[in-house]
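Taking it in order: structure first as structure tokens, then the write-up.
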Amino acid sequence: MDGKGTVATWKDKHRRMYDQATRHPFIMSIRDGAVDYSAFKRWLGQDYIFVRQFIPFTASVIIKSCKHSDEESDMQVLLSGISSLNDEISWFKTQAQNWDVHLHSLVPLQANLNYCKYLESLMEPEVDYSVAITAFWAIEAVYQESFAQCLESSAKTPNELIETCQRWGNAGFGDYCVSLQRIADRCLKNASSDVLSKAEETFISVLQHEVNFWNMSSG
Ligand SMILES: Cc1ncc(CN)c(N)n1
């Protein structure tokens, strides 16, 4: 490797797919100001369901970290993530009211069900910490990179969607993703070749699930 961490190497190796996940037409339509609001509302409701499933996944990564990492700083980073998920749930509830999305009567769509099931499989105790943290980083990084583009000076994001884009596109969330990436890189550096290939497969699967989730949102 050329001084780059494993994660950056995989991002380059799987660039086409990474770009499909982070520059999806749904996100680009927000950035261009051409978003279909019924798609946005579908995404909002489905993402609320996803985030509720993401919380136990986060907890499972914390448990793995306790068992398999001596680095106290990992816990600090992961705990900051779980506490921001608490705000995120409240934020979804407020946004749902504003956009007239009825959270209690929502039905998860197939791509969401598939993604939640995949998260569940990663919660199993036999899944290595390195694999789980790679998935965690990828899940957060895709949202960070996607929404950050909608805040660039050349973006034409409608005013009413700026807050949504700031939720994941802000610099603090970017720093959090960098911290997750550092943890993943540190774990992967010491991982066996078997764990390394599982982590790479997991990275690709997360990207595919993210693409499917955006496709589902776009309708
Ligand atoms: C589908 C999806 N992927 C990622 C995130 C960011 N936690 C999210 N809220 N939803």
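Identifiers in this document derive from the order of the structure tokens: chains are assigned A, B, ..., residues are numbered from 1 separately in each chain, and ligands are numbered from 1 in order of occurrence.
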Inset, instruction - Identify, on the basis of only C-alpha atoms, every residue whose closest approach to Leu188 (chain A) does not exceed 10 Å; exclude the query and any residue fewer than 3 positions from it along the same chain; express the result as an MDAnalysis selection string. - result: chainID A and resid 5:7 129:131 133:134 182:185 191:193 195:196 199:200
Export of the given selection (N, CA, C and O atoms) as a PDB file, in the first residue's frame:
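The resulting file, out38.pdb, is reproduced below:
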```pdb
ATOM      1  N   GLY A   5      -4.518   4.430   3.929  1.00  0.00           N
ATOM      2  CA  GLY A   5      -5.147   3.379   4.717  1.00  0.00           C
ATOM      3  C   GLY A   5      -5.937   2.437   3.812  1.00  0.00           C
ATOM      4  O   GLY A   5      -6.179   2.745   2.629  1.00  0.00           O
ATOM      5  N   THR A   6      -6.358   1.319   4.389  1.00  0.00           N
ATOM      6  CA  THR A   6      -7.096   0.313   3.611  1.00  0.00           C
ATOM      7  C   THR A   6      -8.402   0.893   3.054  1.00  0.00           C
ATOM      8  O   THR A   6      -8.767   0.653   1.901  1.00  0.00           O
ATOM      9  N   VAL A   7      -9.078   1.662   3.903  1.00  0.00           N
ATOM     10  CA  VAL A   7     -10.381   2.189   3.501  1.00  0.00           C
ATOM     11  C   VAL A   7     -10.264   3.083   2.255  1.00  0.00           C
ATOM     12  O   VAL A   7     -11.057   2.964   1.314  1.00  0.00           O
ATOM     13  N   TYR A 129     -15.090  -7.363  14.841  1.00  0.00           N
ATOM     14  CA  TYR A 129     -15.166  -5.908  15.076  1.00  0.00           C
ATOM     15  C   TYR A 129     -14.693  -5.126  13.851  1.00  0.00           C
ATOM     16  O   TYR A 129     -15.321  -4.133  13.458  1.00  0.00           O
ATOM     17  N   SER A 130     -13.609  -5.607  13.200  1.00  0.00           N
ATOM     18  CA  SER A 130     -13.072  -4.895  12.025  1.00  0.00           C
ATOM     19  C   SER A 130     -14.109  -4.820  10.901  1.00  0.00           C
ATOM     20  O   SER A 130     -14.208  -3.811  10.193  1.00  0.00           O
ATOM     21  N   VAL A 131     -14.869  -5.907  10.756  1.00  0.00           N
ATOM     22  CA  VAL A 131     -15.895  -5.955   9.700  1.00  0.00           C
ATOM     23  C   VAL A 131     -17.037  -4.995  10.059  1.00  0.00           C
ATOM     24  O   VAL A 131     -17.491  -4.191   9.240  1.00  0.00           O
ATOM     25  N   ILE A 133     -17.037  -2.396  12.095  1.00  0.00           N
ATOM     26  CA  ILE A 133     -16.660  -0.970  12.100  1.00  0.00           C
ATOM     27  C   ILE A 133     -16.482  -0.461  10.663  1.00  0.00           C
ATOM     28  O   ILE A 133     -16.754   0.701  10.357  1.00  0.00           O
ATOM     29  N   THR A 134     -16.076  -1.354   9.766  1.00  0.00           N
ATOM     30  CA  THR A 134     -15.967  -0.959   8.348  1.00  0.00           C
ATOM     31  C   THR A 134     -17.367  -0.629   7.815  1.00  0.00           C
ATOM     32  O   THR A 134     -17.562   0.386   7.128  1.00  0.00           O
ATOM     33  N   ARG A 182     -10.545   6.162  10.741  1.00  0.00           N
ATOM     34  CA  ARG A 182      -9.256   5.869  11.409  1.00  0.00           C
ATOM     35  C   ARG A 182      -9.351   4.585  12.224  1.00  0.00           C
ATOM     36  O   ARG A 182      -8.434   3.776  12.236  1.00  0.00           O
ATOM     37  N   ILE A 183     -10.496   4.401  12.911  1.00  0.00           N
ATOM     38  CA  ILE A 183     -10.668   3.165  13.702  1.00  0.00           C
ATOM     39  C   ILE A 183     -10.652   1.963  12.756  1.00  0.00           C
ATOM     40  O   ILE A 183      -9.966   0.964  12.998  1.00  0.00           O
ATOM     41  N   ALA A 184     -11.422   2.085  11.667  1.00  0.00           N
ATOM     42  CA  ALA A 184     -11.496   0.974  10.706  1.00  0.00           C
ATOM     43  C   ALA A 184     -10.103   0.663  10.162  1.00  0.00           C
ATOM     44  O   ALA A 184      -9.677  -0.499  10.136  1.00  0.00           O
ATOM     45  N   ASP A 185      -9.371   1.704   9.769  1.00  0.00           N
ATOM     46  CA  ASP A 185      -8.024   1.481   9.216  1.00  0.00           C
ATOM     47  C   ASP A 185      -7.098   0.802  10.221  1.00  0.00           C
ATOM     48  O   ASP A 185      -6.340  -0.094   9.855  1.00  0.00           O
ATOM     49  N   ALA A 191      -5.614  -7.025  10.689  1.00  0.00           N
ATOM     50  CA  ALA A 191      -6.579  -8.112  10.460  1.00  0.00           C
ATOM     51  C   ALA A 191      -5.979  -9.236   9.625  1.00  0.00           C
ATOM     52  O   ALA A 191      -5.067  -9.017   8.815  1.00  0.00           O
ATOM     53  N   SER A 192      -6.529 -10.440   9.810  1.00  0.00           N
ATOM     54  CA  SER A 192      -6.104 -11.583   8.991  1.00  0.00           C
ATOM     55  C   SER A 192      -6.629 -11.381   7.569  1.00  0.00           C
ATOM     56  O   SER A 192      -7.545 -10.572   7.351  1.00  0.00           O
ATOM     57  N   SER A 193      -6.088 -12.170   6.631  1.00  0.00           N
ATOM     58  CA  SER A 193      -6.531 -11.983   5.242  1.00  0.00           C
ATOM     59  C   SER A 193      -8.012 -12.364   5.104  1.00  0.00           C
ATOM     60  O   SER A 193      -8.744 -11.765   4.308  1.00  0.00           O
ATOM     61  N   VAL A 195     -10.405 -11.929   7.432  1.00  0.00           N
ATOM     62  CA  VAL A 195     -11.202 -10.804   7.938  1.00  0.00           C
ATOM     63  C   VAL A 195     -11.147  -9.645   6.940  1.00  0.00           C
ATOM     64  O   VAL A 195     -12.163  -8.995   6.658  1.00  0.00           O
ATOM     65  N   LEU A 196      -9.949  -9.424   6.375  1.00  0.00           N
ATOM     66  CA  LEU A 196      -9.806  -8.342   5.387  1.00  0.00           C
ATOM     67  C   LEU A 196     -10.751  -8.545   4.210  1.00  0.00           C
ATOM     68  O   LEU A 196     -11.432  -7.613   3.776  1.00  0.00           O
ATOM     69  N   ALA A 199     -14.279  -7.862   5.262  1.00  0.00           N
ATOM     70  CA  ALA A 199     -14.537  -6.423   5.440  1.00  0.00           C
ATOM     71  C   ALA A 199     -14.716  -5.744   4.079  1.00  0.00           C
ATOM     72  O   ALA A 199     -15.590  -4.882   3.915  1.00  0.00           O
ATOM     73  N   GLU A 200     -13.924  -6.162   3.090  1.00  0.00           N
ATOM     74  CA  GLU A 200     -14.054  -5.554   1.758  1.00  0.00           C
ATOM     75  C   GLU A 200     -15.411  -5.906   1.147  1.00  0.00           C
ATOM     76  O   GLU A 200     -16.103  -5.044   0.588  1.00  0.00           O
TER      77      GLU A 200
END
```
Inset, instruction - Around ligand 1, at most 8 Å away and counting only C-alpha atoms and all ligand atoms, which residues are there? Put them as an NGL selection string, please. - result: :A and (47-48 or 50-51 or 54 or 85 or 112 or 115 or 139-144 or 168 or 209-210 or 213-214)
Legend entry - Contacts of Gln20 (chain A) at 10 Å (only C-alpha atoms; same-chain gap of 2+ positions) as a ChimeraX atom specification: /A:15-18,22-25,142,207-208,210-211,214
Legend entry - region 146-157 of chain A environment, 10 Å, only C-alpha atoms, sequence neighbours closer than 6 positions dropped, as a ChimeraX atom specification: /A:19,21-24,26-35,163-171,173-174
Atoms to include: C-alpha atoms. Write the selected residues as an mmCIF file, in the first residue's frame.
```
data_model
loop_
_atom_site.group_PDB
_atom_site.id
_atom_site.type_symbol
_atom_site.label_atom_id
_atom_site.label_comp_id
_atom_site.auth_asym_id
_atom_site.auth_seq_id
_atom_site.Cartn_x
_atom_site.Cartn_y
_atom_site.Cartn_z
ATOM 1 C CA ASP A 19 -19.788 7.258 -6.679
ATOM 2 C CA ALA A 21 -23.828 5.557 -3.722
ATOM 3 C CA THR A 22 -22.650 9.116 -3.012
ATOM 4 C CA ARG A 23 -23.723 10.826 -6.270
ATOM 5 C CA HIS A 24 -27.034 9.101 -6.755
ATOM 6 C CA PHE A 26 -31.848 11.358 -5.906
ATOM 7 C CA ILE A 27 -29.108 13.321 -4.105
ATOM 8 C CA MET A 28 -28.134 15.152 -7.289
ATOM 9 C CA SER A 29 -31.780 16.181 -7.735
ATOM 10 C CA ILE A 30 -31.664 17.817 -4.281
ATOM 11 C CA ARG A 31 -28.381 19.490 -5.206
ATOM 12 C CA ASP A 32 -29.803 20.726 -8.527
ATOM 13 C CA GLY A 33 -33.024 21.996 -6.933
ATOM 14 C CA ALA A 34 -35.074 19.601 -9.079
ATOM 15 C CA VAL A 35 -36.079 17.161 -6.348
ATOM 16 C CA GLU A 163 -31.488 21.630 7.263
ATOM 17 C CA THR A 164 -31.715 18.005 6.075
ATOM 18 C CA CYS A 165 -28.452 18.352 4.157
ATOM 19 C CA GLN A 166 -26.750 19.996 7.139
ATOM 20 C CA ARG A 167 -27.749 17.100 9.374
ATOM 21 C CA TRP A 168 -25.233 14.803 7.611
ATOM 22 C CA GLY A 169 -23.268 17.220 5.438
ATOM 23 C CA ASN A 170 -21.934 19.404 8.277
ATOM 24 C CA ALA A 171 -18.223 19.566 9.089
ATOM 25 C CA PHE A 173 -20.298 14.921 11.018
ATOM 26 C CA GLY A 174 -17.418 14.880 8.509
#
```
Inset, instruction - Would you list, as an NGL selection string, the residues of region 86-210 of chain A that end up in helix (DSSP H, G or I) under DSSP run on this structure's backbone? - result: :A and (86-98 or 103-105 or 110-122 or 129-149 or 159-169 or 171-189 or 193-210)
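Remark: for Ser205 (chain A), the closest of the candidate residues A:Leu106, A:Val127, A:Cys177, A:Leu122 is A:Leu122 (distances computed over only C-alpha atoms).
When the distance limit is 10 Å and only C-alpha atoms are what count, the residues near Leu78 (chain A), minus those fewer than 2 positions from it on the same chain, are A:Thr58, A:Ala59, A:Val61, A:Ile62, A:Ser65, A:Ser73, A:Asp74, A:Met75, A:Gln76, A:Ser80, A:Gly81, A:Ile82, A:Ser83, A:Ser84, A:Ile133, A:Phe136, A:Tyr176, A:Ser179, A:Leu180.
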Legend entry - Proximity to Glu88 (chain A) - best of A:Ile204, A:Asp194, A:Ile49, A:Ser218, only C-alpha atoms: A:Ile49
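A straight line drawn from CA of Trp91 (chain A) to CA of Tyr118 (chain A) is 24.7 Å long.
The shortest atom-to-atom distance to Glu126 (chain A), with only C-alpha atoms taken into account, belongs to A:Ser60 out of A:Ser60, A:Thr9, A:Gln110, A:Asn98.
A straight line drawn from CA of Lys189 (chain A) to CA of Glu201 (chain A) is 16.3 Å long.
For the pair CA of Lys93 (chain A) and CA of Ile162 (chain A), the separation is 17.0 Å.
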